[in-house]
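input.txt follows (compact mmCIF, C-alpha atoms):
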# COMPACT_ATOMS: atom_id res chain seq x y z
CA MET A 209 -21.03 37.95 47.72
CA SER A 210 -17.75 36.24 46.76
CA THR A 211 -14.79 38.59 46.53
CA GLN A 212 -11.93 36.08 46.35
CA PRO A 213 -11.31 32.79 44.52
CA LEU A 214 -11.03 29.49 46.28
CA PRO A 215 -7.54 29.47 47.84
CA LEU A 216 -6.08 26.67 45.70
CA GLU A 217 -7.46 27.74 42.34
CA GLY A 218 -4.71 27.39 39.74
CA VAL A 219 -2.84 24.69 41.69
CA THR A 220 -2.40 21.39 39.83
CA VAL A 221 -1.96 18.16 41.79
CA VAL A 222 -0.97 14.77 40.35
CA ALA A 223 -1.60 11.83 42.67
CA VAL A 224 -0.58 8.19 42.42
CA GLU A 225 -2.76 7.10 45.28
CA GLN A 226 -4.91 4.35 46.69
CA ALA A 227 -7.02 3.43 49.72
CA VAL A 228 -7.69 6.34 52.12
CA ALA A 229 -4.71 8.35 53.44
CA ALA A 230 -3.46 10.03 50.24
CA PRO A 231 -6.89 10.20 48.54
CA PHE A 232 -8.33 11.90 51.63
CA ALA A 233 -5.51 14.47 51.54
CA THR A 234 -5.93 15.25 47.85
CA ARG A 235 -9.70 15.47 48.15
CA GLN A 236 -9.21 18.32 50.61
CA LEU A 237 -7.04 20.04 47.99
CA ALA A 238 -9.70 19.51 45.32
CA ASP A 239 -12.42 20.87 47.60
CA LEU A 240 -10.43 24.09 47.96
CA GLY A 241 -10.07 24.59 44.22
CA ALA A 242 -7.02 22.58 43.14
CA ARG A 243 -7.10 20.48 40.00
CA VAL A 244 -6.34 16.91 41.07
CA VAL A 245 -5.37 14.32 38.44
CA LYS A 246 -5.66 10.86 39.98
CA ILE A 247 -3.50 8.16 38.38
CA GLU A 248 -5.06 4.70 38.59
CA ARG A 249 -4.22 1.22 37.35
CA PRO A 250 -6.10 0.27 34.17
CA ASP A 251 -7.05 -3.11 35.66
CA GLY A 252 -9.44 -1.98 38.39
CA GLY A 253 -7.93 1.30 39.51
CA ASP A 254 -7.62 2.37 43.12
CA PHE A 255 -8.35 -0.82 45.05
CA ALA A 256 -10.68 1.16 47.34
CA ARG A 257 -13.14 1.09 44.43
CA GLY A 258 -13.73 -2.55 45.36
CA TYR A 259 -14.11 -2.30 49.14
CA ASP A 260 -17.91 -2.46 49.03
CA THR A 261 -20.94 -1.45 46.95
CA ALA A 262 -22.79 0.40 49.71
CA ALA A 263 -23.09 3.80 47.95
CA ARG A 264 -25.70 2.72 45.39
CA GLY A 265 -23.21 0.34 43.81
CA LEU A 266 -20.06 2.38 44.45
CA ALA A 267 -17.60 1.86 47.29
CA SER A 268 -18.32 4.14 50.23
CA HIS A 269 -14.63 4.84 50.94
CA PHE A 270 -14.05 5.80 47.31
CA VAL A 271 -17.08 8.10 47.20
CA TRP A 272 -15.90 9.80 50.40
CA CYS A 273 -12.30 10.43 49.32
CA ASN A 274 -12.38 11.05 45.57
CA ARG A 275 -14.88 13.70 44.54
CA GLY A 276 -13.61 16.55 42.40
CA LYS A 277 -10.80 14.54 40.78
CA GLU A 278 -9.93 13.54 37.22
CA SER A 279 -9.25 9.82 36.77
CA VAL A 280 -6.48 8.83 34.36
CA ALA A 281 -5.88 5.08 34.01
CA VAL A 282 -2.22 4.37 33.21
CA ASP A 283 -0.02 1.31 33.64
CA LEU A 284 3.05 2.60 35.49
CA LYS A 285 4.86 -0.69 34.91
CA ASP A 286 4.93 0.02 31.19
CA PRO A 287 7.68 2.54 30.27
CA ARG A 288 5.26 4.34 27.97
CA GLY A 289 2.74 4.78 30.78
CA LEU A 290 5.41 5.91 33.22
CA ALA A 291 6.68 8.46 30.68
CA LEU A 292 3.18 9.92 30.41
CA VAL A 293 2.91 10.33 34.17
CA ARG A 294 6.32 11.98 34.32
CA ARG A 295 5.14 14.47 31.71
CA LEU A 296 2.09 15.22 33.85
CA VAL A 297 4.26 15.71 36.94
CA ALA A 298 6.53 18.11 35.06
CA GLY A 299 3.59 20.50 34.71
CA ALA A 300 2.23 20.05 38.24
CA ASP A 301 2.61 22.08 41.42
CA VAL A 302 2.13 19.12 43.77
CA PHE A 303 2.68 15.37 43.53
CA VAL A 304 1.32 12.95 46.14
CA GLN A 305 1.91 9.20 46.35
CA ASN A 306 1.24 6.44 48.86
CA LEU A 307 2.46 3.36 47.02
CA ALA A 308 3.96 0.49 48.98
CA GLN A 309 7.30 1.40 50.53
CA GLY A 310 10.03 1.42 47.87
CA ALA A 311 7.67 1.19 44.89
CA ALA A 312 7.74 4.91 44.10
CA ALA A 313 11.53 5.01 44.27
CA ARG A 314 11.80 2.10 41.83
CA LEU A 315 9.65 4.11 39.41
CA GLY A 316 11.53 7.34 40.02
CA LEU A 317 8.38 8.86 41.53
CA ASP A 318 9.62 9.34 45.08
CA ALA A 319 9.71 12.88 46.46
CA ALA A 320 13.49 13.21 46.54
CA THR A 321 13.93 12.18 42.90
CA LEU A 322 11.10 14.34 41.59
CA CYS A 323 12.10 17.44 43.56
CA ALA A 324 15.67 17.16 42.31
CA ALA A 325 14.34 17.19 38.74
CA HIS A 326 11.69 19.86 39.35
CA PRO A 327 12.82 22.42 41.95
CA LYS A 328 9.41 24.12 42.21
CA LEU A 329 7.52 20.88 42.72
CA ILE A 330 6.11 19.94 46.12
CA ALA A 331 6.22 16.13 46.35
CA VAL A 332 4.62 14.21 49.18
CA ASP A 333 5.49 10.66 50.21
CA VAL A 334 2.81 9.13 52.44
CA SER A 335 3.94 5.87 54.05
CA GLY A 336 2.92 3.57 56.84
CA TYR A 337 5.95 3.79 59.09
CA GLY A 338 8.37 6.17 57.36
CA ALA A 339 11.20 5.59 54.92
CA THR A 340 13.74 4.26 57.43
CA GLY A 341 13.80 2.08 60.53
CA PRO A 342 12.93 -1.57 61.16
CA TYR A 343 9.25 -1.12 60.26
CA ALA A 344 9.80 0.77 57.01
CA HIS A 345 8.79 -2.09 54.71
CA ARG A 346 5.95 -3.48 56.80
CA ARG A 347 2.44 -3.38 55.42
CA ALA A 348 0.61 -0.64 57.27
CA TYR A 349 -3.15 -1.00 57.13
CA ASP A 350 -5.16 1.31 59.35
CA MET A 351 -6.12 -1.24 62.02
CA LEU A 352 -2.52 -2.42 62.31
CA VAL A 353 -1.25 1.14 62.82
CA GLN A 354 -3.99 1.83 65.37
CA CYS A 355 -2.60 -1.10 67.33
CA GLU A 356 1.06 -0.14 66.89
CA ALA A 357 0.29 3.45 67.96
CA GLY A 358 -1.44 2.31 71.14
CA LEU A 359 -4.82 3.77 70.19
CA VAL A 360 -6.52 0.41 70.63
CA SER A 361 -5.01 0.05 74.10
CA VAL A 362 -6.91 3.11 75.34
CA THR A 363 -10.13 2.57 73.36
CA GLY A 364 -12.89 0.26 74.47
CA THR A 365 -14.10 -1.03 77.82
CA PRO A 366 -12.03 -2.24 80.77
CA ASP A 367 -12.64 -5.80 79.55
CA ARG A 368 -12.03 -5.39 75.85
CA PRO A 369 -9.88 -3.13 73.66
CA VAL A 370 -11.42 -2.06 70.34
CA LYS A 371 -10.19 -0.21 67.30
CA SER A 372 -11.72 3.09 66.31
CA GLY A 373 -14.83 2.75 64.15
CA ILE A 374 -13.29 5.07 61.56
CA PRO A 375 -9.84 4.72 59.88
CA ALA A 376 -8.14 7.03 62.36
CA ALA A 377 -4.57 6.40 61.19
CA ASP A 378 -5.46 7.00 57.55
CA ILE A 379 -7.38 10.17 58.40
CA ALA A 380 -4.56 11.49 60.60
CA ALA A 381 -1.97 10.94 57.87
CA GLY A 382 -4.28 12.41 55.24
CA MET A 383 -4.80 15.58 57.22
CA TYR A 384 -1.06 16.01 57.90
CA ALA A 385 -0.33 15.46 54.21
CA PHE A 386 -2.95 18.09 53.37
CA SER A 387 -1.55 20.62 55.86
CA GLY A 388 2.00 19.77 54.77
CA VAL A 389 1.11 20.69 51.18
CA LEU A 390 -0.42 23.97 52.34
CA ALA A 391 2.69 24.82 54.38
CA ALA A 392 4.96 23.93 51.45
CA LEU A 393 2.90 26.14 49.11
CA VAL A 394 3.35 29.06 51.52
CA ARG A 395 7.10 28.41 51.66
CA ARG A 396 7.30 28.19 47.87
CA ALA A 397 5.53 31.55 47.60
CA THR A 398 8.35 33.16 49.61
CA THR A 399 11.37 31.14 48.41
CA GLY A 400 10.36 30.06 44.91
CA ARG A 401 11.24 26.45 45.70
CA GLY A 402 9.13 23.41 46.43
CA GLY A 403 10.59 20.36 48.09
CA PRO A 404 9.79 16.97 49.55
CA VAL A 405 7.22 16.33 52.29
CA GLU A 406 7.12 13.10 54.28
CA VAL A 407 4.15 11.87 56.32
CA SER A 408 3.67 8.47 57.94
CA LEU A 409 0.57 6.91 59.44
CA LEU A 410 2.41 5.91 62.62
CA ASP A 411 3.90 9.38 63.20
CA SER A 412 0.51 10.98 62.58
CA LEU A 413 -1.45 8.76 64.93
CA ALA A 414 1.31 8.85 67.56
CA GLU A 415 0.89 12.63 67.60
CA TRP A 416 -2.85 12.20 68.14
CA MET A 417 -2.00 9.97 71.09
CA GLY A 418 -0.46 12.98 72.85
CA HIS A 419 -2.72 12.98 75.91
CA PRO A 420 -2.31 9.31 76.89
CA LEU A 421 1.35 9.40 75.84
CA HIS A 422 2.18 12.30 78.16
CA HIS A 423 -0.13 10.95 80.85
CA GLY A 424 1.75 7.67 80.91
CA SER A 425 5.32 8.70 80.04
CA HIS A 426 6.28 10.94 82.93
CA GLY A 427 5.99 8.71 85.92
CA SER A 428 2.28 7.95 85.84
CA THR A 429 0.40 5.13 84.16
CA ALA A 430 -1.43 5.26 80.84
CA PRO A 431 -5.15 6.10 81.07
CA ALA A 432 -7.34 3.05 81.53
CA ARG A 433 -9.98 2.05 79.00
CA THR A 434 -13.24 3.48 80.27
CA GLY A 435 -15.75 3.05 77.43
CA LEU A 436 -17.63 6.32 77.05
CA ALA A 437 -16.31 7.60 80.37
CA HIS A 438 -13.23 9.78 80.77
CA ALA A 439 -10.16 8.48 82.56
CA VAL A 440 -9.55 11.65 84.60
CA ILE A 441 -12.90 13.52 84.63
CA ALA A 442 -16.22 12.67 86.35
CA PRO A 443 -19.07 12.72 85.70
CA TYR A 444 -18.29 12.14 82.02
CA ASP A 445 -20.29 9.27 80.59
CA ALA A 446 -23.55 8.12 78.98
CA TYR A 447 -26.62 7.69 81.15
CA PRO A 448 -29.86 5.87 80.20
CA THR A 449 -33.16 7.73 80.01
CA ALA A 450 -36.77 6.62 80.38
CA ASP A 451 -37.38 6.38 76.62
CA GLY A 452 -34.44 4.02 76.03
CA GLY A 453 -32.05 6.77 74.94
CA LEU A 454 -28.56 7.53 76.14
CA VAL A 455 -27.60 11.04 77.17
CA LEU A 456 -23.97 12.00 77.57
CA LEU A 457 -22.80 14.77 79.84
CA SER A 458 -19.44 16.20 80.71
CA VAL A 459 -18.63 18.20 83.82
CA GLN A 460 -15.29 19.89 83.18
CA ASN A 461 -14.87 21.77 86.45
CA ASP A 462 -16.31 22.15 89.93
CA ARG A 463 -18.43 25.18 89.00
CA GLU A 464 -20.26 23.00 86.46
CA TRP A 465 -20.69 20.31 89.09
CA ARG A 466 -22.37 22.84 91.34
CA ARG A 467 -24.82 23.77 88.56
CA LEU A 468 -25.50 20.09 87.84
CA ALA A 469 -26.11 19.33 91.52
CA GLU A 470 -28.42 22.30 92.02
CA HIS A 471 -30.43 22.39 88.80
CA VAL A 472 -30.45 18.80 87.46
CA LEU A 473 -29.78 16.43 90.34
CA GLY A 474 -31.88 18.45 92.76
CA ARG A 475 -29.22 17.89 95.42
CA PRO A 476 -27.39 21.19 96.01
CA GLU A 477 -25.67 19.76 99.09
CA LEU A 478 -23.46 17.64 96.80
CA ALA A 479 -21.64 20.81 95.73
CA GLU A 480 -20.16 21.01 99.23
CA ASP A 481 -19.94 17.31 100.09
CA PRO A 482 -16.20 16.38 100.26
CA ALA A 483 -16.99 13.12 98.45
CA PHE A 484 -18.25 15.03 95.40
CA ALA A 485 -17.12 18.66 95.58
CA THR A 486 -13.89 18.28 93.55
CA ASN A 487 -13.14 16.45 90.34
CA THR A 488 -10.44 14.44 92.10
CA ALA A 489 -12.98 13.22 94.64
CA ARG A 490 -15.60 12.46 91.98
CA VAL A 491 -13.10 10.41 89.95
CA ALA A 492 -11.97 8.53 93.08
CA GLY A 493 -15.61 7.74 93.83
CA ARG A 494 -16.71 7.36 90.23
CA GLY A 495 -19.26 4.66 91.06
CA ALA A 496 -21.10 6.87 93.52
CA THR A 497 -20.85 9.89 91.20
CA ASP A 498 -22.33 7.98 88.28
CA ALA A 499 -25.04 6.52 90.49
CA VAL A 500 -26.41 9.92 91.60
CA VAL A 501 -26.39 11.22 88.02
CA ALA A 502 -28.05 8.08 86.65
CA GLU A 503 -30.74 8.22 89.35
CA ALA A 504 -31.63 11.79 88.41
CA LEU A 505 -31.79 11.20 84.65
CA ALA A 506 -33.53 7.81 84.66
CA PRO A 507 -37.12 9.17 85.02
CA LEU A 508 -36.62 11.68 82.16
CA THR A 509 -36.89 11.16 78.42
CA ALA A 510 -33.78 12.00 76.43
CA PRO A 511 -35.25 15.33 75.18
CA GLU A 512 -36.26 16.25 78.74
CA ALA A 513 -32.81 15.40 80.10
CA LEU A 514 -31.05 17.38 77.38
CA ALA A 515 -33.31 20.39 77.93
CA ARG A 516 -32.66 20.35 81.68
CA LEU A 517 -28.88 19.98 81.20
CA ASP A 518 -28.84 22.76 78.60
CA ALA A 519 -30.76 25.08 80.89
CA ALA A 520 -28.23 24.40 83.65
CA GLY A 521 -25.31 25.13 81.33
CA VAL A 522 -23.95 21.58 81.51
CA ALA A 523 -22.35 20.18 78.34
CA CYS A 524 -24.45 17.33 76.98
CA ALA A 525 -25.29 15.32 73.86
CA ARG A 526 -27.38 12.42 72.68
CA LEU A 527 -25.74 9.20 71.52
CA ASN A 528 -26.73 9.25 67.84
CA SER A 529 -26.63 6.49 65.28
CA VAL A 530 -25.10 7.01 61.84
CA ALA A 531 -28.63 7.41 60.47
CA GLN A 532 -29.33 10.12 63.04
CA LEU A 533 -26.12 11.91 62.01
CA ALA A 534 -27.33 11.88 58.41
CA ASP A 535 -30.48 13.68 59.55
CA HIS A 536 -28.83 15.83 62.21
CA PRO A 537 -30.84 19.04 62.68
CA GLN A 538 -27.70 21.16 63.00
CA LEU A 539 -26.30 19.97 59.67
CA THR A 540 -29.69 20.54 58.05
CA ALA A 541 -30.15 23.99 59.57
CA ARG A 542 -26.71 25.08 58.33
CA ASP A 543 -27.35 23.69 54.84
CA ARG A 544 -24.29 21.42 54.94
CA TRP A 545 -25.48 18.82 52.41
CA ARG A 546 -24.92 18.88 48.65
CA ASP A 547 -25.53 16.43 45.81
CA VAL A 548 -22.35 15.23 44.10
CA ASP A 549 -22.52 13.68 40.64
CA SER A 550 -21.17 10.17 40.17
CA PRO A 551 -21.33 7.25 37.73
CA VAL A 552 -24.52 6.13 39.51
CA GLY A 553 -26.14 9.57 39.71
CA PRO A 554 -26.23 12.22 42.44
CA LEU A 555 -24.96 11.19 45.89
CA ARG A 556 -25.59 13.24 49.01
CA SER A 557 -22.32 14.50 50.52
CA LEU A 558 -21.26 16.89 53.24
CA LEU A 559 -19.55 20.17 52.48
CA PRO A 560 -15.93 20.19 53.74
CA PRO A 561 -15.37 21.68 57.21
CA ILE A 562 -13.13 24.56 56.01
CA VAL A 563 -15.30 27.50 54.97
CA PHE A 564 -14.14 30.73 53.30
CA PRO A 565 -17.09 33.13 53.60
CA ASP A 566 -15.55 35.58 51.09
CA ALA A 567 -14.89 32.95 48.40
CA PRO A 568 -17.08 30.64 46.31
CA GLU A 569 -18.42 27.54 48.00
CA ALA A 570 -16.06 24.57 48.12
CA ARG A 571 -15.89 22.55 44.93
CA MET A 572 -18.10 19.47 45.06
CA ASP A 573 -17.38 18.10 41.59
CA ARG A 574 -18.23 14.61 40.42
CA ILE A 575 -16.74 11.31 41.55
CA PRO A 576 -14.95 9.92 38.49
CA ALA A 577 -15.38 6.56 36.85
CA LEU A 578 -12.13 4.71 36.26
CA GLY A 579 -10.26 6.36 33.38
CA GLN A 580 -13.05 8.85 32.76
CA ASP A 581 -10.55 11.63 32.00
CA THR A 582 -7.71 9.69 30.38
CA ASP A 583 -8.32 10.92 26.83
CA GLU A 584 -8.87 14.54 27.78
CA VAL A 585 -5.82 14.77 30.05
CA LEU A 586 -3.54 13.06 27.53
CA GLY A 587 -4.88 15.35 24.83
CA GLN A 588 -3.85 18.31 26.97
CA LEU A 589 -0.36 16.80 27.08
CA GLY A 590 -0.26 16.81 23.29
CA VAL A 591 -0.76 13.07 22.86
CA SER A 592 -2.48 12.52 19.52
CA GLU A 593 -5.70 10.54 19.08
CA ALA A 594 -3.74 7.94 17.13
CA GLU A 595 -1.27 7.53 20.02
CA VAL A 596 -4.12 7.29 22.52
CA LYS A 597 -5.73 4.55 20.42
CA GLU A 598 -2.43 2.69 20.18
CA LEU A 599 -1.76 2.95 23.92
CA ARG A 600 -5.26 1.78 24.75
CA GLY A 601 -4.94 -1.15 22.38
CA ALA A 602 -1.69 -2.14 24.12
CA GLY A 603 -3.32 -1.94 27.56
CA VAL A 604 -1.08 0.93 28.68
CA ILE A 605 -4.08 3.17 29.35
CA ALA A 606 -7.79 2.68 29.94
Can you present the structure in this file as structure tokens?
Amino acid sequence: MSTQPLPLEGVTVVAVEQAVAAPFATRQLADLGARVVKIERPDGGDFARGYDTAARGLASHFVWCNRGKESVAVDLKDPRGLALVRRLVAGADVFVQNLAQGAAARLGLDAATLCAAHPKLIAVDVSGYGATGPYAHRRAYDMLVQCEAGLVSVTGTPDRPVKSGIPAADIAAGMYAFSGVLAALVRRATTGRGGPVEVSLLDSLAEWMGHPLHHGSHGSTAPARTGLAHAVIAPYDAYPTADGGLVLLSVQNDREWRRLAEHVLGRPELAEDPAFATNTARVAGRGATDAVVAEALAPLTAPEALARLDAAGVACARLNSVAQLADHPQLTARDRWRDVDSPVGPLRSLLPPIVFPDAPEARMDRIPALGQDTDEVLGQLGVSEAEVKELRGAGVIA
């Protein structure tokens, strides 16, 4: 039974956001109970609405990052529209923006300006490369930042680098913006003051590159691209099975290798063989290591191989497709799916990863149509129906 509210209940967030990084951050806030008012352009809104039509006519990125928000369509280039947004910000706890570098400052919506005017406000600037430095004004799309941060250099096969299949730079920045807001709210609770928060995609993804960065920055070389294998651990790869599947296993230490050799490979002598007994030796002879593992798993079906590895206490997994993830038995068993309302009807969505067992379930409110909440939100600001009609007629709102 719930004994506490969701942790961000009563927190109001205003966001001038687009694409993925900032919307992903504010969606986390909405999931945990915050009210999030999303400011969009009247002529199309957040451009992520147009990325695709894969989610029953809606854009999959937008569906993912924007549930639980109120959409207010306002033209920030019109002084009347900008004045409305400033009034909204004046009553907010948090403001988040990821406009092109310099655009927020020209509108007076950058964190420094807003926090000077509203000392209790927490204002977050999400940028591609940060506010200063030679890259500050460069366009910073996810794939470009993945390349600049070196992620692509360590991802892929020895023959070909590849970008991550998900927008890793956007997600990294979104999660740091989310955690930055939480930290700033804690500080405000003790000091009474908000303040600016800065997050960049490059800084965020560079932090996630910590292992290869430290591996290659202190006298060694950067880890090589190894596909599904691990640069410094063996065996750690995907191995084919008799039914056409791929089973992945990871041996993290020599005790696990002993269990693998005895109970799965059927070759206990390999636990003592100097060519295999230590991880250093197995990595040096990776070809031979992979060959003995592949030989043992090849006659088994994927379920048989997984059962045998599990019984031996060896970490393992099956290489799933996206469709298999959607039907993953663990997600189903833990009741992780919910229907979220949208302009095209209910859409199946995952509950957020953060769970508070003593509070209500995370909010999974509807995905808004463009401008769906404009009238209601402006009414709460005291804007009369006549003014709303006039502003809409002038194209200032939608």
Length of the atom CA of A:Asp254 to atom CA of A:Pro561 vector [Å]: 25.1 Å
Dump as JSON lines the rows for residues of stretch 269-354 of chain A within 10 Å of stretch 588-592 of chain A: closest atom pair and distance in Å with one decimal, all atoms listed in the file counted, ordered by chain and rising residue number.
{"residue": "A:Leu292", "atom": "CA", "partner": "A:Leu589", "partner_atom": "CA", "distance": 8.4}
{"residue": "A:Arg295", "atom": "CA", "partner": "A:Leu589", "partner_atom": "CA", "distance": 7.6}
{"residue": "A:Leu296", "atom": "CA", "partner": "A:Leu589", "partner_atom": "CA", "distance": 7.4}
{"residue": "A:Gly299", "atom": "CA", "partner": "A:Leu589", "partner_atom": "CA", "distance": 9.4}
Who sits within 9 Å of A:Glu464, all atoms listed in the file, same chain under 4 positions skipped, as an NGL selection string: :A and (458-460 or 468-469 or 520-523)
Nearest-residue call for A:Val282, choices A:Pro560, A:Pro476, A:Gly579, A:Pro215, using only C-alpha atoms: A:Gly579
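Atom pair atom CA of A:Ala397 / atom CA of A:Leu409: separated by 27.8 Å.
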Residue contacts of A:Lys371 (10 Å, all atoms listed in the file) excluding same-chain residues fewer than 4 positions away, as a PyMOL selection string: chain A and resi 350-352+354-355+358-364+375-376
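Across A:Thr449, A:Thr540, A:Ser408, A:Ser268, the tightest approach to A:Leu508 is made by A:Thr449 when counting all atoms listed in the file.
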Near-A:Asp301 list (9 Å; all atoms listed in the file; drop same-chain fewer than 2 positions) as a PyMOL selection string: chain A and resi 219-222+297-299+303+328-331+393+402
Spatial neighbours of A:Asp462, max dist 12 Å, only C-alpha atoms, sep filter under 5 positions, as a PyMOL selection string: chain A and resi 441-443+467-469+478-482+484-490+522
Long-range neighbours of stretch 534-539 of chain A as a ChimeraX atom specification, 10 Å cut-off, only C-alpha atoms, 6 positions minimum in chain: /A:528,545,556-559
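Residues having any atom no farther than 10 Å from (-12.6, 16.8, 44.8) (counting all atoms listed in the file) are Pro231, Phe232, Thr234, Arg235, Gln236, Leu237, Ala238, Asp239, Leu240, Gly241, Ala242, Arg243, Val244, Val245, Trp272, Cys273, Asn274, Arg275, Gly276, Lys277, Glu278, Val548, Ala570, Arg571, Met572, Asp573, Arg574, Ile575 and Pro576 of chain A.
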Would you write out those residues with C-alpha atoms, as an mmCIF file, in the coordinates of the input?
data_model
loop_
_atom_site.group_PDB
_atom_site.id
_atom_site.type_symbol
_atom_site.label_atom_id
_atom_site.label_comp_id
_atom_site.auth_asym_id
_atom_site.auth_seq_id
_atom_site.Cartn_x
_atom_site.Cartn_y
_atom_site.Cartn_z
ATOM 1 C CA PRO A 231 -6.890 10.200 48.540
ATOM 2 C CA PHE A 232 -8.330 11.900 51.630
ATOM 3 C CA THR A 234 -5.930 15.250 47.850
ATOM 4 C CA ARG A 235 -9.700 15.470 48.150
ATOM 5 C CA GLN A 236 -9.210 18.320 50.610
ATOM 6 C CA LEU A 237 -7.040 20.040 47.990
ATOM 7 C CA ALA A 238 -9.700 19.510 45.320
ATOM 8 C CA ASP A 239 -12.420 20.870 47.600
ATOM 9 C CA LEU A 240 -10.430 24.090 47.960
ATOM 10 C CA GLY A 241 -10.070 24.590 44.220
ATOM 11 C CA ALA A 242 -7.020 22.580 43.140
ATOM 12 C CA ARG A 243 -7.100 20.480 40.000
ATOM 13 C CA VAL A 244 -6.340 16.910 41.070
ATOM 14 C CA VAL A 245 -5.370 14.320 38.440
ATOM 15 C CA TRP A 272 -15.900 9.800 50.400
ATOM 16 C CA CYS A 273 -12.300 10.430 49.320
ATOM 17 C CA ASN A 274 -12.380 11.050 45.570
ATOM 18 C CA ARG A 275 -14.880 13.700 44.540
ATOM 19 C CA GLY A 276 -13.610 16.550 42.400
ATOM 20 C CA LYS A 277 -10.800 14.540 40.780
ATOM 21 C CA GLU A 278 -9.930 13.540 37.220
ATOM 22 C CA VAL A 548 -22.350 15.230 44.100
ATOM 23 C CA ALA A 570 -16.060 24.570 48.120
ATOM 24 C CA ARG A 571 -15.890 22.550 44.930
ATOM 25 C CA MET A 572 -18.100 19.470 45.060
ATOM 26 C CA ASP A 573 -17.380 18.100 41.590
ATOM 27 C CA ARG A 574 -18.230 14.610 40.420
ATOM 28 C CA ILE A 575 -16.740 11.310 41.550
ATOM 29 C CA PRO A 576 -14.950 9.920 38.490
#
Separation of atom CA of A:Leu290 from atom CA of A:Val604, in Å and rounded to one decimal: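 Atom-to-atom, atom CA of A:Leu290 and atom CA of A:Val604 are spaced 9.4 Å apart.
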Closest of A:Leu317, A:Ile562, A:Ala357, A:Asp260 to A:Trp416 - atom-to-atom distances counting only C-alpha atoms: A:Ala357
Counting all atoms listed in the file, the option among A:Leu436, A:Leu578, A:Leu586, A:Leu421 closest to A:Asp251: A:Leu578
Selected residue of minimal separation from A:Ala227 among A:Arg526, A:Arg257, A:His423, A:Arg347, counting all atoms listed in the file: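 Of A:Arg526, A:Arg257, A:His423, A:Arg347, the one nearest A:Ala227, counting all atoms listed in the file, is A:Arg257.
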